[in-house]
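Raw start34.txt, compact mmCIF, C-alpha atoms:
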```txt
# COMPACT_ATOMS: atom_id res chain seq x y z
CA MET A 1 0.00 0.00 0.00
CA ALA A 2 1.16 3.51 -0.70
CA THR A 3 2.40 5.52 2.20
CA ASP A 4 0.87 8.85 3.10
CA LYS A 5 4.11 10.75 2.57
CA GLY A 6 2.91 12.18 -0.70
CA PHE A 7 6.39 12.54 -2.18
CA PHE A 8 7.50 10.06 -4.77
CA ASN A 9 10.35 9.35 -7.14
CA TYR A 10 9.56 8.22 -10.68
CA TRP A 11 11.93 5.85 -12.41
CA VAL A 12 12.17 3.89 -15.64
CA VAL A 13 14.08 0.64 -15.58
CA GLU A 14 13.47 -2.89 -16.79
CA ASN A 15 12.93 -5.49 -14.08
CA SER A 16 16.14 -7.52 -14.12
CA GLY A 17 14.73 -10.36 -12.02
CA LYS A 18 16.09 -11.83 -8.80
CA GLY A 19 17.53 -9.08 -6.60
CA PHE A 20 15.85 -6.26 -8.51
CA ILE A 21 13.66 -5.50 -5.50
CA THR A 22 14.65 -7.23 -2.26
CA HIS A 23 12.72 -7.94 0.92
CA THR A 24 14.95 -5.35 2.61
CA ASP A 25 13.90 -2.78 0.01
CA ARG A 26 10.24 -3.57 0.60
CA ARG A 27 10.62 -3.17 4.35
CA LYS A 28 12.24 0.24 3.90
CA PHE A 29 10.05 1.93 1.30
CA TRP A 30 6.94 1.59 -0.81
CA ILE A 31 7.47 0.79 -4.48
CA GLY A 32 4.96 0.23 -7.25
CA GLY A 33 5.55 -1.09 -10.76
CA TYR A 34 3.56 0.15 -13.75
CA PRO A 35 3.45 -0.44 -17.50
CA ALA A 36 6.31 0.91 -19.65
CA ASN A 37 8.82 -0.15 -16.96
CA VAL A 38 7.78 2.80 -14.79
CA TRP A 39 8.45 2.47 -11.05
CA VAL A 40 7.21 4.80 -8.33
CA CYS A 41 8.90 4.89 -4.92
CA ASP A 42 8.66 6.81 -1.69
CA ASP A 43 11.16 9.66 -2.00
CA ILE A 44 13.64 8.66 0.69
CA PRO A 45 17.39 7.96 0.58
CA GLU A 46 16.87 4.18 0.53
CA SER A 47 14.70 4.34 -2.58
CA ARG A 48 17.19 6.62 -4.29
CA ASP A 49 19.84 4.00 -3.52
CA TRP A 50 17.56 1.41 -5.12
CA GLY A 51 17.31 3.52 -8.28
CA ALA A 52 21.08 3.95 -8.44
CA ARG A 53 21.68 0.25 -7.79
CA ASN A 54 19.46 -0.67 -10.73
CA SER A 55 20.70 2.11 -13.03
CA ALA A 56 17.18 3.49 -13.25
CA THR A 57 16.45 6.66 -15.22
CA THR A 58 14.65 9.31 -13.23
CA LYS A 59 11.54 10.95 -14.70
CA THR A 60 9.16 13.69 -13.73
CA LYS A 61 5.72 12.54 -12.71
CA SER A 62 4.18 13.90 -15.91
CA ALA A 63 6.78 12.25 -18.12
CA ALA A 64 6.26 8.93 -16.34
CA GLN A 65 2.49 9.29 -16.64
CA THR A 66 2.82 9.94 -20.38
CA LEU A 67 4.80 6.74 -20.83
CA VAL A 68 2.16 4.73 -19.01
CA THR A 69 -0.77 6.39 -20.77
CA ASN A 70 0.73 5.86 -24.22
CA VAL A 71 1.17 2.14 -23.59
CA VAL A 72 -2.32 1.75 -22.19
CA ASN A 73 -3.99 3.73 -24.99
CA THR A 74 -2.27 1.69 -27.67
CA ALA A 75 -3.21 -1.54 -25.90
CA LYS A 76 -6.84 -0.45 -25.51
CA GLY A 77 -7.12 0.18 -29.24
CA ASN A 78 -5.50 -3.12 -30.08
CA TRP A 79 -7.82 -4.95 -27.68
CA ASP A 80 -10.94 -3.31 -29.10
CA ASP A 81 -9.89 -4.10 -32.67
CA ASP A 82 -9.03 -7.76 -32.04
CA ASN A 83 -12.31 -9.67 -32.34
CA VAL A 84 -13.42 -13.13 -33.37
CA ASP A 85 -16.94 -13.71 -34.69
CA GLY A 86 -19.20 -15.29 -32.10
CA GLU A 87 -16.67 -14.97 -29.29
CA SER A 88 -18.06 -14.31 -25.81
CA SER A 89 -16.61 -11.72 -23.44
CA ALA A 90 -15.09 -14.44 -21.27
CA GLU A 91 -13.54 -16.14 -24.27
CA LYS A 92 -12.00 -12.89 -25.48
CA ILE A 93 -10.50 -12.30 -22.05
CA ALA A 94 -9.13 -15.84 -21.94
CA ARG A 95 -7.58 -15.23 -25.37
CA LEU A 96 -6.19 -11.73 -24.84
CA GLY A 97 -6.33 -10.94 -21.16
CA ILE A 98 -8.60 -8.31 -19.66
CA LYS A 99 -9.19 -5.05 -21.49
CA PRO A 100 -6.51 -2.50 -20.56
CA THR A 101 -7.75 0.30 -18.35
CA ASP A 102 -6.48 3.79 -17.62
CA ILE A 103 -3.81 3.95 -14.96
CA THR A 104 -3.10 7.08 -12.93
CA LEU A 105 0.23 7.20 -11.16
CA PRO A 106 0.25 8.25 -7.50
CA MET B 107 -7.66 -1.02 28.25
CA THR B 108 -5.75 -4.19 28.96
CA THR B 109 -2.09 -3.57 29.75
CA TYR B 110 0.95 -5.48 28.51
CA LYS B 111 1.57 -6.71 32.07
CA GLU B 112 -1.96 -8.04 32.40
CA ILE B 113 -1.42 -10.12 29.25
CA HIS B 114 2.18 -11.25 29.75
CA GLY B 115 2.60 -11.00 33.53
CA ILE B 116 5.55 -8.63 33.26
CA ASN B 117 6.15 -5.06 32.19
CA ILE B 118 7.96 -4.27 28.96
CA GLN B 119 11.66 -4.57 29.70
CA SER B 120 14.07 -1.69 29.24
CA ARG B 121 17.32 -2.95 27.65
CA ASP B 122 20.65 -1.35 26.75
CA SER B 123 20.65 -3.26 23.47
CA ASP B 124 18.33 -5.46 21.43
CA PRO B 125 18.04 -8.94 23.01
CA THR B 126 17.97 -12.31 21.30
CA ALA B 127 14.24 -12.34 20.83
CA VAL B 128 11.48 -14.73 19.88
CA GLU B 129 8.40 -13.79 17.91
CA GLY B 130 6.13 -11.53 19.92
CA ASP B 131 8.78 -10.12 22.27
CA VAL B 132 8.50 -6.39 22.95
CA TRP B 133 11.20 -4.29 24.65
CA TYR B 134 12.39 -0.71 25.04
CA ASN B 135 15.89 -0.01 23.71
CA ASP B 136 17.06 2.54 26.28
CA THR B 137 20.19 3.44 24.30
CA LYS B 138 18.28 4.31 21.15
CA SER B 139 15.09 5.42 22.92
CA LEU B 140 13.03 3.12 20.71
CA LEU B 141 10.21 0.69 21.48
CA LYS B 142 10.87 -2.50 19.52
CA MET B 143 9.36 -5.89 18.87
CA PHE B 144 10.31 -9.13 17.13
CA ALA B 145 7.52 -9.68 14.67
CA ALA B 146 6.81 -11.92 11.72
CA ALA B 147 5.73 -10.06 8.62
CA GLY B 148 5.46 -10.96 4.98
CA SER B 149 6.98 -9.01 2.13
CA TRP B 150 7.38 -9.38 -1.62
CA ALA B 151 10.71 -9.32 -3.45
CA SER B 152 11.73 -9.89 -7.05
CA GLY B 153 12.31 -13.42 -8.26
CA GLY B 154 13.79 -14.64 -11.51
CA ASN B 155 12.04 -13.61 -14.72
CA MET B 156 10.12 -16.20 -16.73
CA ASN B 157 11.40 -17.02 -20.21
CA THR B 158 8.06 -16.32 -21.90
CA ALA B 159 5.75 -13.45 -20.96
CA ARG B 160 2.19 -14.64 -20.48
CA GLY B 161 -0.91 -14.53 -18.38
CA PHE B 162 -3.67 -16.96 -17.42
CA HIS B 163 -1.26 -19.87 -17.07
CA GLY B 164 -2.14 -23.21 -15.68
CA MET B 165 -0.16 -24.05 -12.58
CA ALA B 166 0.81 -26.99 -10.44
CA GLY B 167 -0.71 -25.73 -7.22
CA GLN B 168 1.11 -28.23 -5.02
CA GLY B 169 4.42 -26.81 -6.14
CA THR B 170 6.44 -24.63 -3.81
CA GLN B 171 8.13 -21.25 -3.89
CA THR B 172 11.32 -23.04 -4.95
CA ALA B 173 9.66 -25.69 -7.14
CA ALA B 174 6.85 -24.04 -9.07
CA PHE B 175 5.44 -25.07 -12.42
CA GLY B 176 3.46 -22.97 -14.91
CA PHE B 177 2.12 -24.01 -18.29
CA GLY B 178 0.18 -22.55 -21.20
CA GLY B 179 -1.19 -19.02 -21.08
CA THR B 180 -2.08 -16.01 -23.20
CA VAL B 181 -1.73 -14.60 -25.84
CA SER B 182 -2.52 -16.93 -28.76
CA PRO B 183 -2.71 -19.79 -26.33
CA LYS B 184 0.80 -20.88 -25.57
CA GLN B 185 2.15 -24.42 -25.28
CA GLN B 186 5.24 -23.50 -23.26
CA ALA B 187 5.79 -24.86 -19.78
CA GLU B 188 8.36 -23.54 -17.31
CA GLN B 189 9.63 -24.66 -13.93
CA TYR B 190 11.09 -22.43 -11.19
CA ASP B 191 13.84 -23.43 -8.77
CA GLY B 192 13.73 -20.40 -6.52
CA SER B 193 16.00 -18.30 -8.66
CA SER B 194 15.38 -19.00 -12.34
CA TRP B 195 12.79 -20.46 -14.70
CA THR B 196 13.65 -23.29 -17.09
CA GLU B 197 11.61 -24.30 -20.12
CA VAL B 198 10.47 -27.90 -20.10
CA GLY B 199 8.31 -29.93 -22.48
CA ASP B 200 5.46 -28.12 -24.24
CA LEU B 201 1.79 -28.92 -23.79
CA ASN B 202 0.30 -30.88 -26.68
CA THR B 203 -2.37 -28.20 -27.06
CA GLY B 204 -1.65 -24.56 -26.31
CA ARG B 205 -4.29 -23.11 -24.03
CA SER B 206 -4.95 -20.51 -21.34
CA ALA B 207 -7.19 -20.22 -18.30
CA GLY B 208 -7.49 -23.92 -17.61
CA GLY B 209 -7.42 -25.67 -14.25
CA GLY B 210 -4.07 -26.98 -13.08
CA CYS B 211 -2.84 -28.98 -10.11
CA GLY B 212 -0.04 -31.25 -8.94
CA THR B 213 3.71 -30.75 -8.73
CA GLN B 214 6.78 -30.31 -10.93
CA ALA B 215 7.00 -34.10 -11.14
CA ALA B 216 3.33 -34.94 -11.73
CA ALA B 217 0.96 -32.22 -12.91
CA LEU B 218 -2.44 -32.04 -14.55
CA TYR B 219 -3.94 -29.35 -16.80
CA ALA B 220 -7.64 -29.50 -17.71
CA GLY B 221 -9.90 -27.39 -19.86
CA GLY B 222 -9.06 -23.84 -20.85
CA TYR B 223 -9.34 -21.52 -23.80
CA VAL B 224 -8.65 -23.06 -27.19
CA ALA B 225 -10.88 -21.04 -29.53
CA PRO B 226 -13.25 -21.13 -27.82
CA HIS B 227 -12.65 -23.73 -25.09
CA THR B 228 -11.72 -27.33 -24.53
CA ASP B 229 -12.62 -30.32 -22.39
CA ALA B 230 -9.21 -31.94 -22.88
CA SER B 231 -6.81 -32.65 -20.05
CA GLU B 232 -3.10 -33.38 -20.14
CA GLU B 233 -0.88 -35.16 -17.63
CA TRP B 234 2.79 -34.26 -16.99
CA ASP B 235 5.07 -37.07 -15.81
CA GLY B 236 8.17 -35.01 -15.17
CA SER B 237 9.35 -35.02 -18.76
CA SER B 238 6.42 -34.79 -21.18
CA TRP B 239 2.67 -34.23 -21.50
CA THR B 240 0.24 -36.97 -22.50
CA GLU B 241 -3.49 -36.75 -23.04
CA GLY B 242 -5.68 -37.54 -20.06
CA ASP B 243 -9.41 -38.13 -19.88
CA ASN B 244 -11.69 -35.32 -21.09
CA LEU B 245 -13.68 -33.18 -18.65
CA ASN B 246 -17.42 -33.65 -18.58
CA ASN B 247 -17.84 -29.90 -19.14
CA SER B 248 -15.76 -28.01 -21.67
CA ARG B 249 -14.86 -24.57 -20.29
CA GLU B 250 -12.25 -21.90 -19.54
CA GLY B 251 -11.67 -19.74 -16.47
CA LEU B 252 -11.61 -22.61 -13.97
CA ALA B 253 -9.18 -23.31 -11.13
CA GLY B 254 -7.61 -26.45 -9.75
CA ALA B 255 -6.49 -28.09 -6.52
CA GLY B 256 -5.01 -31.37 -5.41
CA SER B 257 -2.72 -33.75 -7.26
CA GLN B 258 -2.54 -35.49 -10.62
CA THR B 259 -4.19 -38.63 -9.26
CA ALA B 260 -6.52 -36.87 -6.84
CA GLY B 261 -7.29 -33.67 -8.70
CA LEU B 262 -10.12 -31.19 -8.53
CA VAL B 263 -11.19 -28.46 -10.95
CA PHE B 264 -14.02 -26.03 -10.39
CA GLY B 265 -15.65 -22.93 -11.74
CA VAL B 266 -17.74 -21.79 -14.74
CA SER B 267 -21.44 -22.49 -14.21
CA GLY B 268 -20.42 -23.85 -10.84
CA HIS B 269 -19.15 -27.12 -12.30
CA THR B 270 -16.88 -29.17 -10.06
CA GLU B 271 -15.08 -32.29 -11.25
CA GLU B 272 -12.75 -34.73 -9.54
CA TYR B 273 -9.97 -36.70 -11.28
CA ASN B 274 -8.66 -40.03 -10.03
CA GLY B 275 -5.78 -40.34 -12.45
CA SER B 276 -7.83 -41.86 -15.21
CA SER B 277 -11.30 -40.30 -15.39
CA TRP B 278 -13.32 -37.24 -14.35
CA ALA B 279 -16.43 -37.44 -12.17
CA GLU B 280 -18.85 -34.55 -11.74
CA GLN B 281 -19.51 -33.39 -8.18
CA ASP B 282 -21.74 -30.84 -6.46
CA ASN B 283 -21.62 -27.37 -7.98
CA LEU B 284 -20.21 -24.28 -6.33
CA ASN B 285 -22.91 -22.26 -4.59
CA THR B 286 -21.97 -19.21 -6.67
CA SER B 287 -21.30 -19.70 -10.35
CA ARG B 288 -18.21 -17.82 -11.47
CA TYR B 289 -14.96 -17.93 -13.42
CA GLY B 290 -11.54 -16.33 -13.12
CA ILE B 291 -11.18 -17.64 -9.58
CA ALA B 292 -8.41 -18.50 -7.13
CA GLY B 293 -8.25 -22.15 -6.12
CA PHE B 294 -5.97 -24.09 -3.82
CA GLY B 295 -5.85 -27.03 -1.43
CA LEU B 296 -6.59 -30.71 -1.86
CA GLN B 297 -9.25 -32.71 -3.66
CA THR B 298 -11.04 -33.22 -0.34
CA ALA B 299 -10.20 -29.85 1.25
CA ALA B 300 -10.14 -27.04 -1.30
CA VAL B 301 -10.81 -23.31 -1.35
CA CYS B 302 -12.38 -21.22 -4.13
CA ALA B 303 -12.19 -17.43 -3.83
CA GLY B 304 -13.28 -14.43 -5.86
CA GLY B 305 -14.20 -14.50 -9.54
CA GLY B 306 -16.98 -13.08 -11.69
CA GLU B 307 -19.15 -12.02 -13.44
CA PRO B 308 -20.22 -9.98 -11.57
CA VAL B 309 -16.97 -9.58 -9.69
CA THR B 310 -17.27 -11.10 -6.24
CA GLY B 311 -15.29 -11.58 -3.06
CA LYS B 312 -17.20 -14.71 -2.12
CA ALA B 313 -15.22 -17.73 -0.96
CA GLU B 314 -16.23 -21.36 -0.56
CA THR B 315 -14.56 -24.48 0.85
CA TYR B 316 -14.96 -28.03 -0.47
CA ASN B 317 -14.90 -31.12 1.74
CA GLY B 318 -14.86 -33.78 -0.94
CA SER B 319 -18.59 -33.80 -1.47
CA SER B 320 -20.01 -30.28 -1.27
CA TRP B 321 -19.13 -26.58 -1.16
CA THR B 322 -19.82 -24.33 1.83
CA GLU B 323 -19.80 -20.54 1.77
CA VAL B 324 -17.21 -19.04 4.09
CA GLY B 325 -15.86 -15.56 4.78
CA ASP B 326 -15.51 -13.18 1.83
CA LEU B 327 -12.27 -11.71 0.58
CA ASN B 328 -11.77 -8.16 1.84
CA THR B 329 -11.60 -6.97 -1.76
CA ALA B 330 -13.81 -8.49 -4.46
CA ARG B 331 -11.87 -9.34 -7.59
CA GLN B 332 -11.53 -11.68 -10.52
CA TYR B 333 -8.56 -13.41 -12.18
CA LEU B 334 -6.68 -13.67 -8.88
CA ILE B 335 -4.56 -16.71 -8.04
CA GLY B 336 -4.08 -18.69 -4.86
CA ALA B 337 -1.79 -21.09 -3.03
CA GLY B 338 -1.71 -23.09 0.18
CA ILE B 339 -4.09 -25.38 1.98
CA ILE B 340 -7.59 -25.06 3.41
CA SER B 341 -6.30 -24.02 6.86
CA ALA B 342 -3.60 -21.62 5.64
CA GLY B 343 -4.00 -20.13 2.20
CA ILE B 344 -3.21 -17.03 0.26
CA ALA B 345 -4.89 -15.13 -2.59
CA MET B 346 -2.94 -12.68 -4.74
CA GLY B 347 -3.48 -10.08 -7.44
CA GLY B 348 -6.60 -9.91 -9.58
CA ALA B 349 -8.65 -7.44 -11.59
CA SER B 350 -10.39 -5.12 -12.47
CA PRO B 351 -8.73 -2.77 -11.88
CA ASN B 352 -5.42 -4.52 -11.54
CA ARG B 353 -4.70 -5.50 -7.98
CA SER B 354 -1.45 -5.82 -6.08
CA LEU B 355 -3.39 -7.03 -3.05
CA THR B 356 -2.47 -10.09 -1.03
CA GLU B 357 -4.80 -11.75 1.48
CA THR B 358 -4.11 -14.73 3.73
CA TRP B 359 -6.75 -17.27 4.77
CA ASN B 360 -6.87 -19.05 8.16
CA GLU B 361 -9.97 -21.22 7.56
CA SER B 362 -12.32 -18.59 8.90
CA SER B 363 -11.35 -15.18 7.52
CA TRP B 364 -9.14 -13.30 5.09
CA THR B 365 -6.51 -10.80 6.25
CA GLU B 366 -4.82 -8.22 4.06
CA VAL B 367 -1.05 -8.45 4.16
CA ALA B 368 1.75 -6.92 2.09
CA ASP B 369 1.06 -5.80 -1.48
CA MET B 370 3.03 -6.93 -4.50
CA SER B 371 5.10 -4.22 -6.15
CA THR B 372 3.28 -4.69 -9.47
CA ALA B 373 -0.47 -5.05 -9.72
CA ARG B 374 -1.32 -7.99 -11.94
CA PHE B 375 -3.70 -10.84 -12.65
CA GLY B 376 -3.65 -14.41 -13.91
CA GLY B 377 -0.18 -15.80 -13.20
CA VAL B 378 1.59 -18.82 -11.71
CA SER B 379 1.77 -19.63 -8.04
CA GLY B 380 2.49 -22.48 -5.65
CA GLY B 381 3.68 -22.95 -2.09
CA THR B 382 2.22 -21.87 1.20
CA SER B 383 0.70 -18.81 2.82
CA SER B 384 4.14 -17.92 4.19
CA ALA B 385 6.29 -18.76 1.15
CA THR B 386 4.79 -18.39 -2.28
CA LEU B 387 5.28 -16.59 -5.56
CA PHE B 388 3.44 -14.83 -8.37
CA GLY B 389 5.01 -15.41 -11.76
CA GLY B 390 4.00 -13.62 -14.95
CA GLY B 391 0.44 -12.42 -15.43
CA GLY B 392 -1.04 -9.35 -17.08
CA ASP B 393 -0.32 -5.82 -15.91
CA GLY B 394 -3.49 -4.27 -17.29
CA SER B 395 -1.79 -2.52 -20.19
CA GLY B 396 -2.27 -5.36 -22.60
CA THR B 397 1.21 -6.58 -21.73
CA ASP B 398 1.92 -9.95 -20.19
CA LEU B 399 4.79 -10.01 -17.75
CA THR B 400 7.83 -12.22 -17.28
CA ALA B 401 8.44 -10.80 -13.80
CA THR B 402 8.16 -12.96 -10.70
CA GLU B 403 7.64 -11.80 -7.15
CA GLU B 404 8.27 -13.98 -4.11
CA PHE B 405 6.30 -13.61 -0.87
CA THR B 406 8.09 -14.64 2.29
CA VAL B 407 7.11 -14.32 5.93
CA ALA B 408 10.11 -13.78 8.19
CA ALA B 409 10.55 -12.54 11.72
CA SER B 410 12.64 -9.44 12.28
CA VAL B 411 13.18 -6.67 14.78
CA GLU B 412 10.77 -3.83 14.07
CA THR B 413 10.56 -0.39 15.63
CA ILE B 414 7.13 0.50 16.97
CA SER B 415 6.24 4.05 16.14
CA PHE B 416 3.32 6.16 17.30
CA ASP B 417 1.85 8.55 14.76
```
Take the structure in the file and give it back as structure tokens.
Amino acid sequence: MATDKGFFNYWVVENSGKGFITHTDRRKFWIGGYPANVWVCDDIPESRDWGARNSATTKTKSAAQTLVTNVVNTAKGNWDDDNVDGESSAEKIARLGIKPTDITLP
Amino acid sequence: MTTYKEIHGINIQSRDSDPTAVEGDVWYNDTKSLLKMFAAAGSWASGGNMNTARGFHGMAGQGTQTAAFGFGGTVSPKQQAEQYDGSSWTEVGDLNTGRSAGGGCGTQAAALYAGGYVAPHTDASEEWDGSSWTEGDNLNNSREGLAGAGSQTAGLVFGVSGHTEEYNGSSWAEQDNLNTSRYGIAGFGLQTAAVCAGGGEPVTGKAETYNGSSWTEVGDLNTARQYLIGAGIISAGIAMGGASPNRSLTETWNESSWTEVADMSTARFGGVSGGTSSATLFGGGGDGSGTDLTATEEFTVAASVETISFD
């Protein structure tokens, strides 16, 4: 859950797998992953260390939001346009996943 | 208000340094002027990335955090199967028929995958013997969006119009239906002691337990959602993720109620799990942007010294 600090860092970095986010990281600060490899963290020294450790690129909130929105908008259009005659809603979801929805960064 | 002494028989100790503690111990660190406790808490951390990004996998629910098994998945139903060793995923033999959103159960050595989406859905099942998939008996009800529990020779799949079917290693037998018809559900446990949670449509937080002959409604999830996944047993389970919107939520089950615990870092739905309520994982799944993930997160409960703060 997000903290109530209200100050966040916005990063872009690809999840490199094991060790990318550790249990120690999670105990020290809140972090959330979003489409377009966008990550949002509490703005504290420990999260800035995490960004440096993973060679993350810092972004403004608006720039990060634009990255996320662009990915979601493209995906929504693709999802709407990808139809099979006679296919039910549940079948379409099982084939493609759920329809992408707008995401607002904290 | 009840005091600490009334519960434990002693006052909170004042110590110069942190003691060697056991879970539940509370003390005051006089040097640092901090109230501390030794508490068990769960948290999520990154695991190894899957080789193939996908969502709505089948999974061997009796796997563990260090021996998980996922197969099939979206998009364009995939045949790939991958096994996790606690640090990395390795591709193993493909399913005979690529499919997503079927019901899976078993282990890395002996798994079962039944039903699922294959334009539009299938009644076929496949058995994994540790090296390859062979066709098993067909379900009585062709469908997708179901969940599984149990083992390859004592399996259970449920969901979609409430249908529940048991597998004995050679054939499927229809059982009593779920009380609430739904699909996109979390399932875990054994053939004779299983849990079904969440699902839709409409999206629900309802949960039911199965005793080998019938389903009983039990306590609802705190947050209603669909396309979540689960792990564990009937007395100690866990439900993770879900949609819509995408959820990072994690809830543990103690056979009577659900409790919210730590969130994943990435909200997602429809991935691979396995293990227990104190050591599990969420591999892959969809992130709600039309992108399936390769990322894995591992949930682990561990005891540590925590500082108690007063806001």
Closest contacts (chain B/chain A, max 7 Å, all atoms listed in the file) as JSON lines:
```
{"residue": "B:Ser149", "atom": "CA", "partner": "A:His23", "partner_atom": "CA", "distance": 6.0}
{"residue": "B:Trp150", "atom": "CA", "partner": "A:His23", "partner_atom": "CA", "distance": 6.1}
{"residue": "B:Ala151", "atom": "CA", "partner": "A:Thr22", "partner_atom": "CA", "distance": 4.6}
{"residue": "B:Ser152", "atom": "CA", "partner": "A:Ile21", "partner_atom": "CA", "distance": 5.0}
{"residue": "B:Gly153", "atom": "CA", "partner": "A:Lys18", "partner_atom": "CA", "distance": 4.1}
{"residue": "B:Gly154", "atom": "CA", "partner": "A:Gly17", "partner_atom": "CA", "distance": 4.4}
{"residue": "B:Asn155", "atom": "CA", "partner": "A:Gly17", "partner_atom": "CA", "distance": 5.0}
{"residue": "B:Thr180", "atom": "CA", "partner": "A:Arg95", "partner_atom": "CA", "distance": 6.0}
{"residue": "B:Val181", "atom": "CA", "partner": "A:Leu96", "partner_atom": "CA", "distance": 5.4}
{"residue": "B:Ser182", "atom": "CA", "partner": "A:Arg95", "partner_atom": "CA", "distance": 6.3}
{"residue": "B:Pro183", "atom": "CA", "partner": "A:Arg95", "partner_atom": "CA", "distance": 6.7}
{"residue": "B:Ser193", "atom": "CA", "partner": "A:Lys18", "partner_atom": "CA", "distance": 6.5}
{"residue": "B:Ser206", "atom": "CA", "partner": "A:Ala94", "partner_atom": "CA", "distance": 6.3}
{"residue": "B:Ala207", "atom": "CA", "partner": "A:Ala94", "partner_atom": "CA", "distance": 6.0}
{"residue": "B:Tyr223", "atom": "CA", "partner": "A:Ala94", "partner_atom": "CA", "distance": 6.0}
{"residue": "B:Pro226", "atom": "CA", "partner": "A:Glu91", "partner_atom": "CA", "distance": 6.1}
{"residue": "B:Asp369", "atom": "CA", "partner": "A:Met1", "partner_atom": "CA", "distance": 6.1}
{"residue": "B:Ser371", "atom": "CA", "partner": "A:Gly32", "partner_atom": "CA", "distance": 4.6}
{"residue": "B:Thr372", "atom": "CA", "partner": "A:Gly33", "partner_atom": "CA", "distance": 4.4}
{"residue": "B:Gly392", "atom": "CA", "partner": "A:Gly97", "partner_atom": "CA", "distance": 6.9}
{"residue": "B:Asp393", "atom": "CA", "partner": "A:Pro35", "partner_atom": "CA", "distance": 6.8}
{"residue": "B:Gly394", "atom": "CA", "partner": "A:Pro100", "partner_atom": "CA", "distance": 4.8}
{"residue": "B:Ser395", "atom": "CA", "partner": "A:Pro100", "partner_atom": "CA", "distance": 4.7}
{"residue": "B:Gly396", "atom": "CA", "partner": "A:Ala75", "partner_atom": "CA", "distance": 5.1}
{"residue": "B:Ala401", "atom": "CA", "partner": "A:Gly17", "partner_atom": "CA", "distance": 6.6}
```
Legend entry - Residue among B:Thr109, B:Ser379, B:Thr358, B:Thr315 lying closest to Ala174 (chain B), counting only C-alpha atoms: B:Ser379
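If all atoms listed in the file are the atoms counted, then among B:Ser139, B:Gln189, B:Ser120, B:Ser238 the closest residue to Asn202 (chain B) is B:Ser238.
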Legend entry - Nearby residues (only C-alpha atoms) at most 10 Å from Gly222 (chain B), same-chain spacing under 3 positions excluded, as a PyMOL selection string: (chain A and resi 91+94-95) or (chain B and resi 162-164+178-179+183+204-210+219+225-231+248-253)
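You will find CA of Asp136 (chain B) at 28.2 Å from CA of Val407 (chain B).
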Need the neighbours of (5.8, -11.0, -13.7): which residues are at most 7 Å away, counting all atoms listed in the file, as a PDB file with C-alpha atoms, in the coordinates of the input?
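Written output follows (selection_8.pdb):
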```pdb
ATOM      1  CA  ASN B 155      12.040 -13.610 -14.720  1.00  0.00           C
ATOM      2  CA  PHE B 388       3.440 -14.830  -8.370  1.00  0.00           C
ATOM      3  CA  GLY B 389       5.010 -15.410 -11.760  1.00  0.00           C
ATOM      4  CA  GLY B 390       4.000 -13.620 -14.950  1.00  0.00           C
ATOM      5  CA  GLY B 391       0.440 -12.420 -15.430  1.00  0.00           C
ATOM      6  CA  LEU B 399       4.790 -10.010 -17.750  1.00  0.00           C
ATOM      7  CA  THR B 400       7.830 -12.220 -17.280  1.00  0.00           C
ATOM      8  CA  ALA B 401       8.440 -10.800 -13.800  1.00  0.00           C
ATOM      9  CA  THR B 402       8.160 -12.960 -10.700  1.00  0.00           C
ATOM     10  CA  GLU B 403       7.640 -11.800  -7.150  1.00  0.00           C
TER      11      GLU B 403
END
```
Legend entry - Minimum-distance residue to Thr104 (chain A), chosen among A:Val38, A:Asn83, A:Val12, A:Ile44 (using all atoms listed in the file): A:Val38
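If you measure from each of A:Ser47, A:Ser89, A:Asn37, A:Asn9 to Ser62 (chain A) using all atoms listed in the file, the closest one turns out to be A:Asn9.
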Inset, instruction - Go ahead and compute the interatomic distance for CA of Gln186 (chain B) and CA of Met370 (chain B), in Å to one decimal. - result: 25.1 Å
Inset, instruction - Extract, using all atoms listed in the file, all DNA, RNA and protein residues at most 10 Å from Lys61 (chain A), discarding same-chain residues fewer than 2 positions from it, and format them as a ChimeraX atom specification. - result: /A:8-11,40,58-59,63-66,105-106
From the block you just saw, export region 348-354 of chain B: N, CA and C atoms, as an mmCIF file, in the first residue's frame.
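And here is the file that came out, selection24.cif:
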```
data_model
loop_
_atom_site.group_PDB
_atom_site.id
_atom_site.type_symbol
_atom_site.label_atom_id
_atom_site.label_comp_id
_atom_site.auth_asym_id
_atom_site.auth_seq_id
_atom_site.Cartn_x
_atom_site.Cartn_y
_atom_site.Cartn_z
ATOM 1 N N GLY B 348 -5.237 -9.925 -9.090
ATOM 2 C CA GLY B 348 -6.600 -9.911 -9.577
ATOM 3 C C GLY B 348 -6.919 -8.643 -10.349
ATOM 4 N N ALA B 349 -8.181 -8.561 -10.781
ATOM 5 C CA ALA B 349 -8.652 -7.441 -11.585
ATOM 6 C C ALA B 349 -10.161 -7.347 -11.386
ATOM 7 N N SER B 350 -10.877 -6.384 -11.987
ATOM 8 C CA SER B 350 -10.387 -5.122 -12.467
ATOM 9 C C SER B 350 -10.800 -4.039 -11.467
ATOM 10 N N PRO B 351 -10.025 -2.991 -11.228
ATOM 11 C CA PRO B 351 -8.735 -2.767 -11.883
ATOM 12 C C PRO B 351 -7.688 -3.745 -11.368
ATOM 13 N N ASN B 352 -6.517 -3.664 -11.960
ATOM 14 C CA ASN B 352 -5.419 -4.523 -11.541
ATOM 15 C C ASN B 352 -5.147 -4.386 -10.060
ATOM 16 N N ARG B 353 -4.901 -5.507 -9.425
ATOM 17 C CA ARG B 353 -4.703 -5.504 -7.977
ATOM 18 C C ARG B 353 -3.312 -6.004 -7.609
ATOM 19 N N SER B 354 -2.703 -5.330 -6.649
ATOM 20 C CA SER B 354 -1.445 -5.818 -6.078
ATOM 21 C C SER B 354 -1.710 -6.470 -4.725
#
```
